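Data file: upload-v3.pdb. Format and content: PDB, C-alpha atoms and all ligand atoms.
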```
MODEL        1
ATOM      1  CA  MET A 182      92.193  87.692 176.792
ATOM      2  CA  ARG A 183      94.992  87.789 179.355
ATOM      3  CA  GLU A 184      96.288  91.347 179.030
ATOM      4  CA  ILE A 185      96.347  94.353 176.747
ATOM      5  CA  LEU A 186      99.875  94.607 175.356
ATOM      6  CA  ILE A 187      99.462  97.736 173.221
ATOM      7  CA  PRO A 188      96.423  99.960 173.819
ATOM      8  CA  ALA A 189      94.628 101.674 170.933
ATOM      9  CA  ASP A 190      96.064 105.150 171.632
ATOM     10  CA  ARG A 191      99.667 103.875 171.488
ATOM     11  CA  LEU A 192      98.900 102.038 168.251
ATOM     12  CA  SER A 193      97.478 105.123 166.559
ATOM     13  CA  ALA A 194     100.340 107.367 167.753
ATOM     14  CA  ARG A 195     102.965 104.935 166.416
ATOM     15  CA  VAL A 196     101.130 104.378 163.116
ATOM     16  CA  LEU A 197     101.123 108.154 162.625
ATOM     17  CA  GLU A 198     104.914 108.275 163.180
ATOM     18  CA  LEU A 199     105.473 105.387 160.748
ATOM     19  CA  GLY A 200     103.320 107.195 158.166
ATOM     20  CA  HIS A 201     105.476 110.320 158.490
ATOM     21  CA  GLN A 202     108.705 108.303 158.092
ATOM     22  CA  ILE A 203     107.314 106.530 155.021
ATOM     23  CA  THR A 204     106.132 109.839 153.547
ATOM     24  CA  GLU A 205     109.653 111.300 153.848
ATOM     25  CA  THR A 206     111.374 108.157 152.524
ATOM     26  CA  TYR A 207     109.199 108.008 149.388
ATOM     27  CA  ARG A 208     108.625 111.727 148.709
ATOM     28  CA  GLY A 209     108.658 112.358 144.933
ATOM     29  CA  THR A 210     107.678 108.766 144.117
ATOM     30  CA  THR A 211     104.424 106.774 144.094
ATOM     31  CA  PRO A 212     105.153 103.662 146.148
ATOM     32  CA  LEU A 213     103.071 100.504 146.021
ATOM     33  CA  LEU A 214     102.040  99.305 149.466
ATOM     34  CA  VAL A 215     101.646  95.534 149.509
ATOM     35  CA  SER A 216      99.481  94.226 152.320
ATOM     36  CA  ILE A 217      99.250  90.603 153.407
ATOM     37  CA  LEU A 218      95.713  89.315 153.823
ATOM     38  CA  LYS A 219      94.049  89.013 156.125
ATOM     39  CA  GLY A 220      95.902  90.109 159.275
ATOM     40  CA  GLY A 221      97.615  93.134 157.730
ATOM     41  CA  VAL A 222      94.487  94.877 156.501
ATOM     42  CA  VAL A 223      93.636  96.910 159.614
ATOM     43  CA  PHE A 224      97.217  98.171 159.877
ATOM     44  CA  LEU A 225      97.323  99.056 156.170
ATOM     45  CA  THR A 226      94.108 101.069 156.224
ATOM     46  CA  ASP A 227      95.299 103.130 159.198
ATOM     47  CA  LEU A 228      98.842 103.469 157.849
ATOM     48  CA  MET A 229      97.760 104.698 154.404
ATOM     49  CA  ARG A 230      95.741 107.497 156.007
ATOM     50  CA  SER A 231      98.882 108.706 157.775
ATOM     51  CA  ILE A 232     100.894 108.799 154.514
ATOM     52  CA  SER A 233     100.497 112.155 152.779
ATOM     53  CA  ILE A 234     102.045 111.366 149.373
ATOM     54  CA  PRO A 235     100.225 109.544 146.544
ATOM     55  CA  HIS A 236     100.570 105.776 146.725
ATOM     56  CA  HIS A 237      98.921 102.633 145.432
ATOM     57  CA  ILE A 238      97.838  99.542 147.365
ATOM     58  CA  ASP A 239      97.594  95.879 146.502
ATOM     59  CA  PHE A 240      97.048  92.631 148.378
ATOM     60  CA  LEU A 241      98.255  89.080 148.456
ATOM     61  CA  GLN A 242      97.461  86.165 150.669
ATOM     62  CA  LEU A 243      99.935  83.758 152.213
ATOM     63  CA  SER A 244      99.465  80.957 154.657
ATOM     64  CA  SER A 245     101.741  79.318 157.195
ATOM     65  CA  TYR A 246      99.575  79.053 160.318
ATOM     66  CA  ASP A 247      96.514  77.048 159.258
ATOM     67  CA  GLY A 248      94.456  78.543 162.093
ATOM     68  CA  GLY A 249      96.719  77.581 165.010
ATOM     69  CA  THR A 250      99.294  79.479 167.049
ATOM     70  CA  LYS A 251     102.497  77.871 165.724
ATOM     71  CA  SER A 252     103.992  78.479 162.290
ATOM     72  CA  THR A 253     103.932  75.357 160.140
ATOM     73  CA  GLY A 254     107.216  76.500 158.591
ATOM     74  CA  THR A 255     105.849  76.039 155.085
ATOM     75  CA  VAL A 256     104.650  79.210 153.397
ATOM     76  CA  ARG A 257     102.120  79.016 150.562
ATOM     77  CA  LEU A 258     100.958  81.731 148.169
ATOM     78  CA  LEU A 259      97.156  81.574 148.278
ATOM     79  CA  SER A 260      96.463  84.576 146.035
ATOM     80  CA  ASP A 261      98.809  86.892 144.129
ATOM     81  CA  LEU A 262      99.045  90.640 143.494
ATOM     82  CA  ALA A 263      97.057  92.231 140.663
ATOM     83  CA  THR A 264      99.873  94.743 140.005
ATOM     84  CA  ASP A 265     103.026  94.302 137.909
ATOM     85  CA  ILE A 266     105.697  95.443 140.379
ATOM     86  CA  GLY A 267     108.580  95.570 137.869
ATOM     87  CA  GLY A 268     110.340  98.963 138.248
ATOM     88  CA  ARG A 269     108.068 100.004 141.155
ATOM     89  CA  ASP A 270     108.997 101.192 144.641
ATOM     90  CA  VAL A 271     107.407  98.463 146.728
ATOM     91  CA  LEU A 272     106.752  98.549 150.464
ATOM     92  CA  ILE A 273     105.640  95.299 152.088
ATOM     93  CA  VAL A 274     103.271  96.129 154.945
ATOM     94  CA  GLU A 275     103.278  93.230 157.430
ATOM     95  CA  ASP A 276     101.242  92.899 160.597
ATOM     96  CA  ILE A 277     103.815  90.836 162.496
ATOM     97  CA  VAL A 278     107.184  89.201 161.900
ATOM     98  CA  ASP A 279     107.713  86.097 164.031
ATOM     99  CA  THR A 280     110.125  83.410 162.736
ATOM    100  CA  GLY A 281     110.765  85.567 159.645
ATOM    101  CA  LEU A 282     110.011  82.654 157.296
ATOM    102  CA  THR A 283     106.969  84.351 155.739
ATOM    103  CA  LEU A 284     108.869  87.549 155.058
ATOM    104  CA  GLN A 285     111.882  85.697 153.671
ATOM    105  CA  TYR A 286     109.604  83.788 151.284
ATOM    106  CA  LEU A 287     107.736  86.924 150.251
ATOM    107  CA  ARG A 288     110.921  88.946 149.633
ATOM    108  CA  LYS A 289     112.226  86.194 147.354
ATOM    109  CA  GLN A 290     108.936  86.034 145.440
ATOM    110  CA  LEU A 291     108.845  89.788 144.903
ATOM    111  CA  GLU A 292     112.569  90.296 144.164
ATOM    112  CA  ILE A 293     112.278  87.946 141.167
ATOM    113  CA  ARG A 294     109.846  90.460 139.653
ATOM    114  CA  GLN A 295     112.544  93.171 139.756
ATOM    115  CA  PRO A 296     110.966  96.074 141.643
ATOM    116  CA  LYS A 297     112.992  99.316 141.678
ATOM    117  CA  SER A 298     113.157  99.099 145.475
ATOM    118  CA  LEU A 299     111.778  96.707 148.079
ATOM    119  CA  ARG A 300     111.344  97.706 151.715
ATOM    120  CA  VAL A 301     109.436  96.284 154.666
ATOM    121  CA  CYS A 302     107.225  97.914 157.277
ATOM    122  CA  ALA A 303     106.088  95.659 160.142
ATOM    123  CA  LEU A 304     103.810  96.796 162.948
ATOM    124  CA  LEU A 305     105.001  94.116 165.368
ATOM    125  CA  ASN A 306     108.376  92.427 165.605
ATOM    126  CA  LYS A 307     108.993  89.323 167.738
ATOM    127  CA  VAL A 308     112.769  89.646 167.803
ATOM    128  CA  GLU A 309     113.459  86.592 169.977
ATOM    129  CA  ALA A 310     111.416  84.242 167.777
ATOM    130  CA  ARG A 311     113.476  84.906 164.651
ATOM    131  CA  GLN A 312     114.740  81.808 162.797
ATOM    132  CA  VAL A 313     116.025  83.525 159.669
ATOM    133  CA  ASP A 314     117.676  86.916 159.270
ATOM    134  CA  VAL A 315     115.296  89.370 157.595
ATOM    135  CA  HIS A 316     115.736  93.129 157.398
ATOM    136  CA  ILE A 317     112.802  95.334 158.462
ATOM    137  CA  ASP A 318     113.036  98.994 157.421
ATOM    138  CA  PHE A 319     110.175 100.391 159.535
ATOM    139  CA  VAL A 320     109.181  98.693 162.823
ATOM    140  CA  GLY A 321     106.183  99.675 164.946
ATOM    141  CA  PHE A 322     106.873  97.777 168.174
ATOM    142  CA  ASP A 323     109.289  95.071 169.318
ATOM    143  CA  ILE A 324     107.234  92.586 171.360
ATOM    144  CA  PRO A 325     107.960  89.418 173.381
ATOM    145  CA  SER A 326     107.375  85.951 171.911
ATOM    146  CA  GLN A 327     103.738  85.630 172.935
ATOM    147  CA  PHE A 328     100.762  84.913 170.704
ATOM    148  CA  VAL A 329      98.944  88.189 170.178
ATOM    149  CA  VAL A 330      95.569  89.051 168.673
ATOM    150  CA  GLY A 331      93.588  92.165 167.773
ATOM    151  CA  TYR A 332      93.998  95.043 165.309
ATOM    152  CA  GLY A 333      93.588  92.595 162.414
ATOM    153  CA  LEU A 334      95.377  89.636 164.004
ATOM    154  CA  ASP A 335      93.263  86.570 164.712
ATOM    155  CA  TYR A 336      93.134  83.294 166.526
ATOM    156  CA  ASP A 337      90.992  80.936 164.450
ATOM    157  CA  GLU A 338      89.421  83.997 162.714
ATOM    158  CA  LYS A 339      88.400  85.561 166.040
ATOM    159  CA  TYR A 340      89.550  88.829 167.691
ATOM    160  CA  ARG A 341      90.491  90.708 164.484
ATOM    161  CA  ASN A 342      88.101  93.497 165.462
ATOM    162  CA  LEU A 343      89.757  94.356 168.789
ATOM    163  CA  PRO A 344      91.063  97.952 168.643
ATOM    164  CA  TYR A 345      94.168  97.006 170.685
ATOM    165  CA  ILE A 346      96.853  94.279 170.638
ATOM    166  CA  GLY A 347      96.214  91.722 173.346
ATOM    167  CA  VAL A 348      97.899  88.551 174.577
ATOM    168  CA  LEU A 349      95.694  85.510 174.258
ATOM    169  CA  ASP A 350      95.115  83.327 177.316
ATOM    170  CA  MET A 351      95.729  79.863 175.874
ATOM    171  CA  LYS A 352      94.439  78.021 178.985
TER
HETATM  172  P1  LIG B   1     106.511  84.111 160.539
HETATM  173  O1  LIG B   1     106.585  83.460 159.192
HETATM  174  O2  LIG B   1     107.375  85.340 160.680
HETATM  175  O3  LIG B   1     106.766  83.117 161.640
HETATM  176  O4  LIG B   1     105.024  84.535 160.779
HETATM  177  C1  LIG B   1     104.436  85.542 160.094
HETATM  178  C2  LIG B   1     102.931  85.403 160.106
HETATM  179  O5  LIG B   1     102.469  84.537 161.147
HETATM  180  C3  LIG B   1     102.280  86.723 160.385
HETATM  181  O6  LIG B   1     102.068  87.453 159.215
HETATM  182  C4  LIG B   1     100.985  86.303 161.062
HETATM  183  O7  LIG B   1     100.019  85.991 160.079
HETATM  184  C5  LIG B   1     101.344  85.049 161.795
HETATM  185  N1  LIG B   1     101.684  85.317 163.214
HETATM  186  C6  LIG B   1     102.919  85.308 163.776
HETATM  187  N2  LIG B   1     102.860  85.585 165.079
HETATM  188  C7  LIG B   1     101.544  85.785 165.358
HETATM  189  C8  LIG B   1     100.835  86.143 166.555
HETATM  190  O8  LIG B   1     101.390  86.335 167.657
HETATM  191  N3  LIG B   1      99.493  86.279 166.442
HETATM  192  C9  LIG B   1      98.828  86.079 165.266
HETATM  193  N4  LIG B   1      97.500  86.245 165.291
HETATM  194  N5  LIG B   1      99.462  85.759 164.114
HETATM  195  C10 LIG B   1     100.806  85.610 164.169
ENDMDL
END
```
Do you think you could lay out the structure here as structure tokens?
Ligand code: 5GP
Amino acid sequence: MREILIPADRLSARVLELGHQITETYRGTTPLLVSILKGGVVFLTDLMRSISIPHHIDFLQLSSYDGGTKSTGTVRLLSDLATDIGGRDVLIVEDIVDTGLTLQYLRKQLEIRQPKSLRVCALLNKVEARQVDVHIDFVGFDIPSQFVVGYGLDYDEKYRNLPYIGVLDMK
């Protein structure tokens, strides 16, 4: 590990704020939080405990990295949601948006199913790495274009358990 980019206390403070914003946005409704396996799971489980209105959760799995540090550019749906999202208020909960290709693909896939609303919450946003224009409604942190691990994010399945976001030393 080269450096800690976002320590655990800053993560939990920001996740709490995001939870409050989401609570106010969806008050009076029961949104469906859609988490992307596997990296988004730690963020989702913290985020849902900071949301004080009833909500449902579901999961899907996508792949574009194949274990490395560069996006392959081709997104695949590895496993789908169990929920019918037609007419639902859906919030995609992403760990990190890099090129934006994954989110663009996912939005298209979910829009076809005609949810009532479709928003995006991303913990980390690599603004400079963006290749396609994707709108993010709730952003945790804008970060530089470095490969980060921890808090659910892995390198070759390692480091998911770190309680902070760190920059990986690739040397
Ligand atoms: P995008 O399609 O926006 O380029 O990439 C989105 C996905 O790539 C994320 O959901 C995540 O799985 C992976 N990813 C992008 N940047 C990083 C990073 O810095 N670290 C890790 N561990 N995964 C990343």
Residues picked by the PyMOL selection byres (((not hetatm)) within 6 of (chain B and resi 1)) here, as a PDB file with C-alpha atoms, in the coordinates of the input?
```pdb
ATOM      1  CA  GLY A 220      95.902  90.109 159.275  1.00  0.00           C
ATOM      2  CA  SER A 252     103.992  78.479 162.290  1.00  0.00           C
ATOM      3  CA  ASP A 276     101.242  92.899 160.597  1.00  0.00           C
ATOM      4  CA  ILE A 277     103.815  90.836 162.496  1.00  0.00           C
ATOM      5  CA  VAL A 278     107.184  89.201 161.900  1.00  0.00           C
ATOM      6  CA  ASP A 279     107.713  86.097 164.031  1.00  0.00           C
ATOM      7  CA  THR A 280     110.125  83.410 162.736  1.00  0.00           C
ATOM      8  CA  GLY A 281     110.765  85.567 159.645  1.00  0.00           C
ATOM      9  CA  LEU A 282     110.011  82.654 157.296  1.00  0.00           C
ATOM     10  CA  THR A 283     106.969  84.351 155.739  1.00  0.00           C
ATOM     11  CA  GLN A 327     103.738  85.630 172.935  1.00  0.00           C
ATOM     12  CA  PHE A 328     100.762  84.913 170.704  1.00  0.00           C
ATOM     13  CA  VAL A 329      98.944  88.189 170.178  1.00  0.00           C
ATOM     14  CA  VAL A 330      95.569  89.051 168.673  1.00  0.00           C
ATOM     15  CA  LEU A 334      95.377  89.636 164.004  1.00  0.00           C
ATOM     16  CA  ASP A 335      93.263  86.570 164.712  1.00  0.00           C
ATOM     17  CA  TYR A 336      93.134  83.294 166.526  1.00  0.00           C
TER      18      TYR A 336
END
```
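What separates atom CA of Ser244 of chain A from atom CA of Arg300 of chain A is a distance of 20.7 Å.
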inquiry  = Can you translate the PyMOL selection byres (((chain A and resi 309) around 10) and not hetatm) into the concrete residues it hits in this file, as a list in words?
reply    =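 Evaluating the PyMOL selection byres (((chain A and resi 309) around 10) and not hetatm) on this file yields Asp279, Thr280, Asn306, Lys307, Val308, Ala310, Arg311, Gln312, Asp323, Ile324, Pro325 and Ser326 of chain A.
For the choices A:Arg195, A:Lys297, A:Arg230, A:Arg257, the atom-to-atom distance to Phe319 of chain A is smallest for A:Arg195 when using only C-alpha atoms.
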request  = Kindly resolve the PyMOL selection byres (((chain A and resi 233) around 10) and not hetatm) on the present coordinates and return the residues as a list of chain:residue names.
outcome  = A:Gly200, A:His201, A:Ile203, A:Thr204, A:Glu205, A:Arg208, A:Met229, A:Arg230, A:Ser231, A:Ile232, A:Ile234, A:Pro235, A:His236
request  = Check the smallest atom-to-atom distance from each of A:Leu299, A:Ile346, A:Val271, A:Val256 to His237 of chain A using only C-alpha atoms, then report the winner.
outcome  = A:Val271
ask   = Between atom CA of Gly333 of chain A and atom CA of Tyr345 of chain A, what is the distance, to one decimal in Å?
value = 9.4 Å
query = Expressed in Å to a single decimal, how great is the separation between atom CA of Val315 of chain A and atom CA of Leu284 of chain A?
reply = 7.1 Å
ask   = Counting only C-alpha atoms, which of A:Phe322, A:Leu349, A:Ile273, A:Glu292 gets nearest to Ala194 of chain A?
value =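 So, comparing all the options, the nearest one is A:Phe322.
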Complete segment 269-286 of chain A with N, CA, C and O atoms (output as a PDB file, in the frame of the given file).
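out15.pdb written:
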```
ATOM      1  N   ARG A 269     108.809  99.220 140.156  1.00  0.00           N
ATOM      2  CA  ARG A 269     108.068 100.004 141.155  1.00  0.00           C
ATOM      3  C   ARG A 269     108.812 100.061 142.487  1.00  0.00           C
ATOM      4  O   ARG A 269     109.618  99.196 142.811  1.00  0.00           O
ATOM      5  N   ASP A 270     108.521 101.113 143.259  1.00  0.00           N
ATOM      6  CA  ASP A 270     108.997 101.192 144.641  1.00  0.00           C
ATOM      7  C   ASP A 270     107.967 100.480 145.511  1.00  0.00           C
ATOM      8  O   ASP A 270     106.851 100.966 145.684  1.00  0.00           O
ATOM      9  N   VAL A 271     108.367  99.328 146.024  1.00  0.00           N
ATOM     10  CA  VAL A 271     107.407  98.463 146.728  1.00  0.00           C
ATOM     11  C   VAL A 271     107.695  98.461 148.234  1.00  0.00           C
ATOM     12  O   VAL A 271     108.842  98.304 148.662  1.00  0.00           O
ATOM     13  N   LEU A 272     106.644  98.640 149.006  1.00  0.00           N
ATOM     14  CA  LEU A 272     106.752  98.549 150.464  1.00  0.00           C
ATOM     15  C   LEU A 272     105.825  97.436 150.946  1.00  0.00           C
ATOM     16  O   LEU A 272     104.599  97.525 150.821  1.00  0.00           O
ATOM     17  N   ILE A 273     106.430  96.379 151.488  1.00  0.00           N
ATOM     18  CA  ILE A 273     105.640  95.299 152.088  1.00  0.00           C
ATOM     19  C   ILE A 273     105.137  95.782 153.446  1.00  0.00           C
ATOM     20  O   ILE A 273     105.935  96.239 154.280  1.00  0.00           O
ATOM     21  N   VAL A 274     103.852  95.711 153.667  1.00  0.00           N
ATOM     22  CA  VAL A 274     103.271  96.129 154.945  1.00  0.00           C
ATOM     23  C   VAL A 274     102.785  94.885 155.677  1.00  0.00           C
ATOM     24  O   VAL A 274     101.773  94.288 155.315  1.00  0.00           O
ATOM     25  N   GLU A 275     103.553  94.478 156.691  1.00  0.00           N
ATOM     26  CA  GLU A 275     103.278  93.230 157.430  1.00  0.00           C
ATOM     27  C   GLU A 275     102.684  93.558 158.791  1.00  0.00           C
ATOM     28  O   GLU A 275     103.097  94.531 159.431  1.00  0.00           O
ATOM     29  N   ASP A 276     101.777  92.721 159.248  1.00  0.00           N
ATOM     30  CA  ASP A 276     101.242  92.899 160.597  1.00  0.00           C
ATOM     31  C   ASP A 276     102.287  92.521 161.650  1.00  0.00           C
ATOM     32  O   ASP A 276     102.545  93.259 162.582  1.00  0.00           O
ATOM     33  N   ILE A 277     102.898  91.332 161.466  1.00  0.00           N
ATOM     34  CA  ILE A 277     103.815  90.836 162.496  1.00  0.00           C
ATOM     35  C   ILE A 277     104.877  89.948 161.865  1.00  0.00           C
ATOM     36  O   ILE A 277     104.582  89.174 160.953  1.00  0.00           O
ATOM     37  N   VAL A 278     106.114  90.098 162.336  1.00  0.00           N
ATOM     38  CA  VAL A 278     107.184  89.201 161.900  1.00  0.00           C
ATOM     39  C   VAL A 278     107.585  88.357 163.110  1.00  0.00           C
ATOM     40  O   VAL A 278     107.951  88.889 164.161  1.00  0.00           O
ATOM     41  N   ASP A 279     107.489  87.043 162.934  1.00  0.00           N
ATOM     42  CA  ASP A 279     107.713  86.097 164.031  1.00  0.00           C
ATOM     43  C   ASP A 279     109.005  85.328 163.733  1.00  0.00           C
ATOM     44  O   ASP A 279     110.099  85.815 164.005  1.00  0.00           O
ATOM     45  N   THR A 280     108.908  84.151 163.104  1.00  0.00           N
ATOM     46  CA  THR A 280     110.125  83.410 162.736  1.00  0.00           C
ATOM     47  C   THR A 280     110.882  84.131 161.611  1.00  0.00           C
ATOM     48  O   THR A 280     112.091  83.966 161.456  1.00  0.00           O
ATOM     49  N   GLY A 281     110.170  84.898 160.798  1.00  0.00           N
ATOM     50  CA  GLY A 281     110.765  85.567 159.645  1.00  0.00           C
ATOM     51  C   GLY A 281     110.622  84.766 158.354  1.00  0.00           C
ATOM     52  O   GLY A 281     110.956  85.250 157.272  1.00  0.00           O
ATOM     53  N   LEU A 282     110.107  83.536 158.473  1.00  0.00           N
ATOM     54  CA  LEU A 282     110.011  82.654 157.296  1.00  0.00           C
ATOM     55  C   LEU A 282     109.057  83.222 156.236  1.00  0.00           C
ATOM     56  O   LEU A 282     109.343  83.162 155.038  1.00  0.00           O
ATOM     57  N   THR A 283     107.941  83.787 156.683  1.00  0.00           N
ATOM     58  CA  THR A 283     106.969  84.351 155.739  1.00  0.00           C
ATOM     59  C   THR A 283     107.593  85.506 154.964  1.00  0.00           C
ATOM     60  O   THR A 283     107.487  85.586 153.738  1.00  0.00           O
ATOM     61  N   LEU A 284     108.269  86.381 155.695  1.00  0.00           N
ATOM     62  CA  LEU A 284     108.869  87.549 155.058  1.00  0.00           C
ATOM     63  C   LEU A 284     110.004  87.156 154.114  1.00  0.00           C
ATOM     64  O   LEU A 284     110.133  87.700 153.009  1.00  0.00           O
ATOM     65  N   GLN A 285     110.791  86.185 154.523  1.00  0.00           N
ATOM     66  CA  GLN A 285     111.882  85.697 153.671  1.00  0.00           C
ATOM     67  C   GLN A 285     111.323  85.151 152.351  1.00  0.00           C
ATOM     68  O   GLN A 285     111.816  85.465 151.265  1.00  0.00           O
ATOM     69  N   TYR A 286     110.258  84.363 152.461  1.00  0.00           N
ATOM     70  CA  TYR A 286     109.604  83.788 151.284  1.00  0.00           C
ATOM     71  C   TYR A 286     109.051  84.898 150.392  1.00  0.00           C
ATOM     72  O   TYR A 286     109.259  84.891 149.174  1.00  0.00           O
TER      73      TYR A 286
END
```
